[in-house]
>>> print(open('work_23.txt').read())   # compact mmCIF, C-alpha atoms
# COMPACT_ATOMS: atom_id res chain seq x y z
CA LEU A 1 0.00 0.00 0.00
CA GLY A 2 1.18 3.53 -0.75
CA PHE A 3 1.58 5.90 2.21
CA ALA A 4 -1.54 7.95 1.44
CA CYS A 5 -3.63 4.82 0.78
CA ARG A 6 -2.29 3.17 3.93
CA ARG A 7 -3.25 6.16 6.08
CA ARG A 8 -6.73 6.25 4.57
CA PHE A 9 -7.16 2.52 5.10
CA ASP A 10 -5.93 2.81 8.71
CA SER A 11 -8.37 5.65 9.35
CA LEU A 12 -11.26 3.75 7.74
CA CYS A 13 -10.70 0.61 9.85
CA GLU A 14 -10.15 2.55 13.07
CA GLY A 15 -13.16 4.81 12.52
CA SER A 16 -15.46 1.88 11.79
CA ALA A 17 -14.20 0.00 14.86
CA LYS A 18 -14.73 3.07 17.07
CA ASP A 19 -18.29 3.55 15.81
CA LEU A 20 -19.17 -0.09 16.40
CA ILE A 21 -17.61 -0.38 19.86
CA ALA A 22 -19.29 2.89 20.92
CA MET A 23 -22.66 1.49 19.82
CA LEU A 24 -22.02 -1.76 21.70
CA SER A 25 -21.02 0.17 24.82
CA VAL A 26 -24.20 2.25 24.77
CA ALA A 27 -26.33 -0.85 24.24
CA ALA A 28 -24.60 -2.61 27.14
CA ILE A 29 -25.14 0.09 29.77
CA THR A 30 -28.38 1.78 28.67
CA ASN A 31 -31.87 0.83 29.79
CA PHE A 32 -34.03 2.22 27.01
CA SER A 33 -37.25 3.63 28.45
CA LYS A 34 -39.11 3.44 25.16
CA THR A 35 -39.36 0.60 22.68
CA SER A 36 -38.90 3.07 19.83
CA GLU A 37 -35.57 4.24 21.28
CA LYS A 38 -34.34 0.67 21.64
CA GLU A 39 -35.40 -0.20 18.10
CA LYS A 40 -33.68 2.92 16.76
CA HIS A 41 -30.43 2.02 18.52
CA GLU A 42 -30.60 -1.59 17.33
CA LYS A 43 -31.04 -0.34 13.77
CA GLU A 44 -28.04 1.99 14.12
CA LEU A 45 -25.97 -0.83 15.64
CA SER A 46 -26.94 -3.17 12.82
CA SER A 47 -25.93 -0.52 10.29
CA ALA A 48 -22.55 0.03 11.97
CA LEU A 49 -21.94 -3.73 12.06
CA GLN A 50 -22.83 -4.10 8.40
CA ALA A 51 -20.46 -1.27 7.46
CA ALA A 52 -17.63 -2.91 9.40
CA GLU A 53 -18.30 -6.30 7.83
CA ASP A 54 -18.33 -4.75 4.35
CA ILE A 55 -14.88 -3.24 4.94
CA LEU A 56 -13.45 -6.55 6.12
CA GLU A 57 -15.07 -8.52 3.32
CA GLY A 58 -13.76 -6.10 0.70
CA VAL A 59 -10.22 -6.36 2.03
CA LEU A 60 -10.11 -10.10 2.64
CA GLN A 61 -11.37 -10.85 -0.85
CA ASP A 62 -7.95 -9.75 -2.08
CA GLU A 63 -5.68 -12.70 -1.28
CA ALA A 64 -2.59 -10.51 -1.59
CA MET A 65 -3.83 -8.36 1.30
CA VAL A 66 -4.30 -11.19 3.81
CA PRO A 67 -0.60 -11.63 4.75
CA VAL A 68 -0.12 -7.85 4.74
CA LEU A 69 -2.89 -7.40 7.32
CA LYS A 70 -1.65 -10.10 9.68
CA GLY A 71 0.07 -7.55 11.91
CA HIS A 72 -2.12 -4.58 10.99
CA LEU A 73 -3.43 -3.00 14.21
CA GLU A 74 -6.48 -1.20 12.84
CA ALA A 75 -7.69 -4.10 10.68
CA ASN A 76 -7.28 -6.56 13.53
CA LEU A 77 -9.09 -4.22 15.92
CA LEU A 78 -11.95 -4.00 13.45
CA GLN A 79 -12.06 -7.79 13.08
CA TYR A 80 -12.22 -8.37 16.84
CA THR A 81 -14.82 -5.63 17.28
CA VAL A 82 -17.02 -7.31 14.67
CA ASP A 83 -16.48 -10.66 16.41
CA ILE A 84 -17.58 -9.10 19.72
CA ALA A 85 -20.76 -7.76 18.13
CA LEU A 86 -21.61 -11.10 16.50
CA ALA A 87 -20.83 -13.10 19.65
CA ASP A 88 -22.92 -10.71 21.74
CA ALA A 89 -25.87 -11.15 19.38
CA LYS A 90 -25.57 -14.92 19.83
CA GLY A 91 -25.27 -14.64 23.62
CA ASP A 92 -21.78 -16.16 23.54
CA THR A 93 -20.38 -14.35 26.59
CA VAL A 94 -17.20 -16.46 26.72
CA ARG A 95 -16.26 -15.37 23.19
CA VAL A 96 -17.15 -11.75 23.97
CA ALA A 97 -14.93 -11.86 27.06
CA ALA A 98 -12.01 -13.44 25.19
CA ASP A 99 -12.18 -10.88 22.38
CA ILE A 100 -12.37 -7.95 24.80
CA VAL A 101 -9.28 -9.21 26.59
CA HIS A 102 -7.46 -9.67 23.28
CA CYS A 103 -8.13 -6.02 22.39
CA LEU A 104 -6.98 -4.74 25.81
CA GLU A 105 -4.03 -7.05 26.32
CA GLU A 106 -0.56 -5.61 25.87
CA ARG A 107 1.68 -7.41 23.42
CA CYS A 108 4.96 -6.77 21.67
CA LEU A 109 4.21 -5.62 18.12
CA SER A 110 6.24 -6.74 15.13
CA GLU A 111 9.73 -5.27 14.76
CA GLY A 112 9.22 -4.45 11.09
CA ASP A 113 6.03 -2.37 11.26
CA HIS A 114 6.11 -1.03 14.81
CA GLY A 115 9.71 -1.30 16.00
CA GLY A 116 8.88 -3.94 18.59
CA VAL A 117 6.94 -1.56 20.86
CA VAL A 118 4.48 -2.88 23.46
CA SER A 119 0.90 -1.83 22.81
CA THR A 120 -2.73 -2.95 22.71
CA LEU A 121 -4.97 -3.47 19.70
CA ALA A 122 -7.41 -0.95 21.12
CA ASP A 123 -6.49 2.72 21.20
CA PRO A 124 -6.31 3.87 24.85
CA LYS A 125 -9.21 6.24 24.12
CA LEU A 126 -11.37 3.15 23.57
CA TYR A 127 -10.50 1.51 26.91
CA PRO A 128 -13.60 2.95 28.68
CA GLU A 129 -15.94 1.55 26.01
CA PHE A 130 -14.44 -1.94 26.19
CA LEU A 131 -14.53 -1.80 30.00
CA CYS A 132 -18.20 -0.74 29.95
CA ILE A 133 -19.09 -3.80 27.87
CA ALA A 134 -17.14 -6.05 30.24
CA PHE A 135 -18.78 -4.33 33.23
CA ALA A 136 -22.29 -4.93 31.89
CA LEU A 137 -21.46 -8.56 31.11
CA LEU A 138 -20.11 -9.22 34.62
CA VAL A 139 -23.01 -7.46 36.37
CA LYS A 140 -25.54 -9.51 34.41
CA GLU A 141 -23.54 -12.65 35.14
CA ASP A 142 -23.40 -11.86 38.86
CA SER A 143 -27.15 -11.21 39.00
CA SER A 144 -27.94 -14.50 37.25
CA GLN A 145 -25.89 -16.41 39.85
CA TYR A 146 -27.24 -14.60 42.91
CA GLY A 147 -27.86 -17.03 45.76
CA ARG A 148 -25.96 -19.85 44.11
CA PRO A 149 -23.22 -21.52 46.20
CA MET A 150 -19.80 -20.08 45.35
CA GLU A 151 -18.40 -23.50 44.46
CA PHE A 152 -20.79 -23.56 41.49
CA ALA A 153 -19.94 -20.04 40.32
CA SER A 154 -18.83 -19.43 36.74
CA CYS A 155 -17.27 -16.53 34.91
CA ALA A 156 -16.95 -15.75 31.21
CA PHE A 157 -13.57 -14.14 31.87
CA THR A 158 -10.51 -16.10 32.99
CA VAL A 159 -8.37 -14.96 35.93
CA HIS A 160 -5.89 -13.54 33.44
CA GLY A 161 -8.70 -11.74 31.63
CA ILE A 162 -9.96 -10.09 34.83
CA HIS A 163 -6.44 -8.94 35.64
CA ILE A 164 -6.23 -7.32 32.21
CA LEU A 165 -9.53 -5.51 32.87
CA MET A 166 -8.27 -4.30 36.25
CA ALA A 167 -5.00 -3.09 34.76
CA ARG A 168 -6.80 -1.09 32.07
CA LEU A 169 -9.29 0.25 34.63
CA THR A 170 -6.40 1.45 36.80
CA GLN A 171 -5.05 3.35 33.81
CA VAL A 172 -8.43 4.92 33.06
CA LEU A 173 -8.89 5.94 36.70
CA SER A 174 -5.46 7.56 36.61
CA TRP A 175 -6.26 9.50 33.44
CA GLU A 176 -9.61 10.59 34.90
CA GLY A 177 -7.83 11.91 37.98
CA ILE A 178 -9.73 9.58 40.30
CA LEU A 179 -6.67 7.90 41.86
CA CYS A 180 -5.24 9.93 44.72
CA SER A 181 -1.70 9.46 43.44
CA SER A 182 -2.55 10.51 39.90
CA PRO A 183 -0.79 13.59 38.56
CA ARG A 184 -3.16 16.31 37.41
CA PRO A 185 -3.27 16.60 33.61
CA LEU A 186 -1.50 19.60 32.13
CA GLY A 187 -3.76 22.62 32.02
CA ALA A 188 -6.29 21.11 34.41
CA SER A 189 -7.61 23.14 37.32
CA PRO A 190 -9.03 21.96 40.68
CA SER A 191 -12.52 22.66 39.31
CA ASN A 192 -11.99 19.98 36.66
CA ARG A 193 -12.13 17.16 39.16
CA PRO A 194 -14.19 14.10 38.17
CA SER A 195 -17.85 14.22 39.12
CA LEU A 196 -19.25 12.16 41.98
CA SER A 197 -21.41 10.15 39.56
CA LYS A 198 -18.32 9.21 37.54
CA LYS A 199 -16.50 8.13 40.71
CA GLU A 200 -19.48 6.02 41.77
CA TYR A 201 -19.71 4.44 38.33
CA PHE A 202 -16.05 3.44 38.28
CA SER A 203 -16.31 2.25 41.88
CA ALA A 204 -19.18 -0.04 40.87
CA MET A 205 -17.14 -1.24 37.90
CA ARG A 206 -14.18 -2.08 40.14
CA LEU A 207 -16.48 -3.98 42.50
CA ALA A 208 -17.95 -5.96 39.58
CA PHE A 209 -14.44 -6.84 38.40
CA SER A 210 -13.48 -7.96 41.91
CA LYS A 211 -16.54 -10.20 42.16
CA GLY A 212 -15.78 -11.52 38.71
CA LEU A 213 -12.24 -12.36 39.82
CA MET A 214 -13.61 -14.49 42.67
CA ARG A 215 -15.87 -16.38 40.27
CA ALA A 216 -13.02 -16.76 37.78
CA PHE A 217 -10.78 -18.34 40.42
CA VAL A 218 -13.55 -20.82 41.23
CA SER A 219 -14.42 -21.71 37.64
CA HIS A 220 -11.02 -21.46 35.96
CA GLY A 221 -8.41 -21.60 38.73
CA PRO A 222 -5.17 -19.57 38.71
CA SER A 223 -3.85 -18.96 35.22
CA THR A 224 -0.77 -20.77 33.96
CA ALA A 225 1.04 -17.47 33.61
CA VAL A 226 0.56 -16.75 37.33
CA LYS A 227 1.77 -20.21 38.34
CA LYS A 228 4.88 -20.14 36.18
CA GLY A 229 5.56 -16.40 36.10
CA ILE A 230 6.52 -16.55 32.43
CA LYS A 231 5.67 -14.57 29.32
CA LYS A 232 3.01 -15.94 27.04
CA ARG A 233 3.60 -16.56 23.37
CA ASP A 234 3.01 -14.04 20.58
CA GLY A 235 4.70 -11.28 22.54
CA GLU A 236 1.97 -10.95 25.19
CA VAL A 237 3.05 -9.33 28.43
CA SER A 238 3.43 -11.73 31.36
CA MET A 239 0.95 -11.81 34.20
CA ASP A 240 3.63 -10.68 36.68
CA GLU A 241 4.11 -7.52 34.62
CA GLU A 242 0.35 -6.95 34.42
CA LEU A 243 0.01 -7.36 38.18
CA GLU A 244 2.89 -4.96 38.74
CA LEU A 245 1.08 -2.46 36.52
CA LEU A 246 -2.17 -3.06 38.39
CA LEU A 247 -0.67 -2.60 41.86
CA SER A 248 1.57 0.34 41.04
CA PRO A 249 0.45 3.63 42.67
CA CYS A 250 0.47 5.57 39.42
CA ILE A 251 0.36 4.55 35.77
>>> encode(input="work_23.txt", output="structure tokens")
Amino acid sequence: LGFACRRRFDSLCEGSAKDLIAMLSVAAITNFSKTSEKEKHEKELSSALQAAEDILEGVLQDEAMVPVLKGHLEANLLQYTVDIALADAKGDTVRVAADIVHCLEERCLSEGDHGGVVSTLADPKLYPEFLCIAFALLVKEDSSQYGRPMEFASCAFTVHGIHILMARLTQVLSWEGILCSSPRPLGASPSNRPSLSKKEYFSAMRLAFSKGLMRAFVSHGPSTAVKKGIKKRDGEVSMDEELELLLSPCI
């Protein structure tokens, strides 16, 4: 791809992924008071999903493009976002959870295209949307298992997956200025402190993640990465590093 075409393609994939994940986030956390509002949003979500699928189909039809896109961040983000939407429509919460974690998980990118830097598929600006979807999934899961003995608890996310969610949440809280040890963003004044409702929302999210971690330990057990303290394949960051990031006072 030429430079100008590559930038346009990157922007197209990223923009489509952002639109779709924003729609999914709204659908996950909104209780529509009117049937007409719900139907309108479902129609808009369906349209965004169709647009994303059309982009992927158009690209993947060209066999020469398939190997080129193997390490392409924006195209892979779009693919996983589409997978999340389709899995959510089918009620496949395990697949939704796995795809969310894949988008939020840090990994070492290819030396050729990205210089071997560590990054996530999802742009950091999209972390809140992915976390909102995970939050809604875990709250619904917790409600469905209310009153059930803990030994029979289940969780769509693995222990490793919950740790990834917590690490990304810690970063978002830092950027929002909610953590006490967080430095104030440049140009921010004391009056720009986060609202009480935002603090309560993120507090509820953290609680849902903590409950999910308990269920994940019961249903999945400690992850292999935690037991062995080693890096996973494909350049993924080890669990020890994720935990260090999670427990550090400031990101």
>>> atom_distance(input="work_23.txt", atom1="atom CA of Glu42 of chain A", atom2="atom CA of Glu14 of chain A")
21.3 Å
>>> closest_residue(input="work_23.txt", among="A:Lys211, A:His220, A:Arg8, A:Lys43", to="Val139 of chain A", atoms="only C-alpha atoms")
A:Lys211
>>> closest_residue(input="work_23.txt", among="A:Ala27, A:Ala22, A:Ile84, A:Val159", to="Glu39 of chain A", atoms="all atoms listed in the file")
A:Ala27
>>> residues_around(input="work_23.txt", residues="segment 130-136 of chain A", least_positions_apart="4", cutoff="6 Å", atoms="all atoms listed in the file", output="compact mmCIF listing (two decimals) with C-alpha atoms, keeping the file's coordinate frame")
# COMPACT_ATOMS: atom_id res chain seq x y z
CA SER A 25 -21.02 0.17 24.82
CA ALA A 28 -24.60 -2.61 27.14
CA MET A 205 -17.14 -1.24 37.90
>>> closest_residue(input="work_23.txt", among="A:Cys5, A:Leu78, A:Leu12, A:Val26", to="Asp99 of chain A", atoms="all atoms listed in the file")
A:Leu78
>>> residues_around(input="work_23.txt", residues="segment 93-95 of chain A", least_positions_apart="3", cutoff="10 Å", atoms="only C-alpha atoms", output="PDB file with C-alpha atoms, in the coordinates of the input")
ATOM      1  CA  ASP A  83     -16.480 -10.660  16.410  1.00  0.00           C
ATOM      2  CA  ILE A  84     -17.580  -9.100  19.720  1.00  0.00           C
ATOM      3  CA  LEU A  86     -21.610 -11.100  16.500  1.00  0.00           C
ATOM      4  CA  ALA A  87     -20.830 -13.100  19.650  1.00  0.00           C
ATOM      5  CA  ASP A  88     -22.920 -10.710  21.740  1.00  0.00           C
ATOM      6  CA  ALA A  89     -25.870 -11.150  19.380  1.00  0.00           C
ATOM      7  CA  LYS A  90     -25.570 -14.920  19.830  1.00  0.00           C
ATOM      8  CA  ALA A  98     -12.010 -13.440  25.190  1.00  0.00           C
ATOM      9  CA  ASP A  99     -12.180 -10.880  22.380  1.00  0.00           C
ATOM     10  CA  ILE A 100     -12.370  -7.950  24.800  1.00  0.00           C
ATOM     11  CA  VAL A 101      -9.280  -9.210  26.590  1.00  0.00           C
ATOM     12  CA  ALA A 134     -17.140  -6.050  30.240  1.00  0.00           C
ATOM     13  CA  LEU A 137     -21.460  -8.560  31.110  1.00  0.00           C
ATOM     14  CA  LEU A 138     -20.110  -9.220  34.620  1.00  0.00           C
ATOM     15  CA  GLU A 141     -23.540 -12.650  35.140  1.00  0.00           C
ATOM     16  CA  CYS A 155     -17.270 -16.530  34.910  1.00  0.00           C
ATOM     17  CA  ALA A 156     -16.950 -15.750  31.210  1.00  0.00           C
ATOM     18  CA  PHE A 157     -13.570 -14.140  31.870  1.00  0.00           C
ATOM     19  CA  THR A 158     -10.510 -16.100  32.990  1.00  0.00           C
TER      20      THR A 158
END
>>> residues_near_point(input="work_23.txt", point="(-22.0, -2.1, 14.4)", cutoff="9 Å", atoms="all atoms listed in the file", output="list of chain:residue names")
A:Ser16, A:Ala17, A:Asp19, A:Leu20, A:Ile21, A:Ala22, A:Met23, A:Leu24, A:Glu44, A:Leu45, A:Ser46, A:Ser47, A:Ala48, A:Leu49, A:Gln50, A:Ala51, A:Ala52, A:Glu53, A:Thr81, A:Val82, A:Ala85
>>> write_last_selection(input="work_23.txt", atoms="C-alpha atoms", output="PDB file, keeping the file's coordinate frame")
ATOM      1  CA  SER A  16     -15.460   1.880  11.790  1.00  0.00           C
ATOM      2  CA  ALA A  17     -14.200   0.000  14.860  1.00  0.00           C
ATOM      3  CA  ASP A  19     -18.290   3.550  15.810  1.00  0.00           C
ATOM      4  CA  LEU A  20     -19.170  -0.090  16.400  1.00  0.00           C
ATOM      5  CA  ILE A  21     -17.610  -0.380  19.860  1.00  0.00           C
ATOM      6  CA  ALA A  22     -19.290   2.890  20.920  1.00  0.00           C
ATOM      7  CA  MET A  23     -22.660   1.490  19.820  1.00  0.00           C
ATOM      8  CA  LEU A  24     -22.020  -1.760  21.700  1.00  0.00           C
ATOM      9  CA  GLU A  44     -28.040   1.990  14.120  1.00  0.00           C
ATOM     10  CA  LEU A  45     -25.970  -0.830  15.640  1.00  0.00           C
ATOM     11  CA  SER A  46     -26.940  -3.170  12.820  1.00  0.00           C
ATOM     12  CA  SER A  47     -25.930  -0.520  10.290  1.00  0.00           C
ATOM     13  CA  ALA A  48     -22.550   0.030  11.970  1.00  0.00           C
ATOM     14  CA  LEU A  49     -21.940  -3.730  12.060  1.00  0.00           C
ATOM     15  CA  GLN A  50     -22.830  -4.100   8.400  1.00  0.00           C
ATOM     16  CA  ALA A  51     -20.460  -1.270   7.460  1.00  0.00           C
ATOM     17  CA  ALA A  52     -17.630  -2.910   9.400  1.00  0.00           C
ATOM     18  CA  GLU A  53     -18.300  -6.300   7.830  1.00  0.00           C
ATOM     19  CA  THR A  81     -14.820  -5.630  17.280  1.00  0.00           C
ATOM     20  CA  VAL A  82     -17.020  -7.310  14.670  1.00  0.00           C
ATOM     21  CA  ALA A  85     -20.760  -7.760  18.130  1.00  0.00           C
TER      22      ALA A  85
END
>>> atom_distance(input="work_23.txt", atom1="atom CA of Thr120 of chain A", atom2="atom CA of Ser203 of chain A")
24.1 Å
>>> atom_distance(input="work_23.txt", atom1="atom CA of Asp54 of chain A", atom2="atom CA of Leu126 of chain A")
21.9 Å
>>> axis_aligned_box(input="work_23.txt", around="segment 193-210 of chain A", padding_each_side="6 Å", output="AutoDock Vina command-line options")
--center_x -16.8 --center_y 4.6 --center_z 40.0 --size_x 21.3 --size_y 37.1 --size_z 17.0
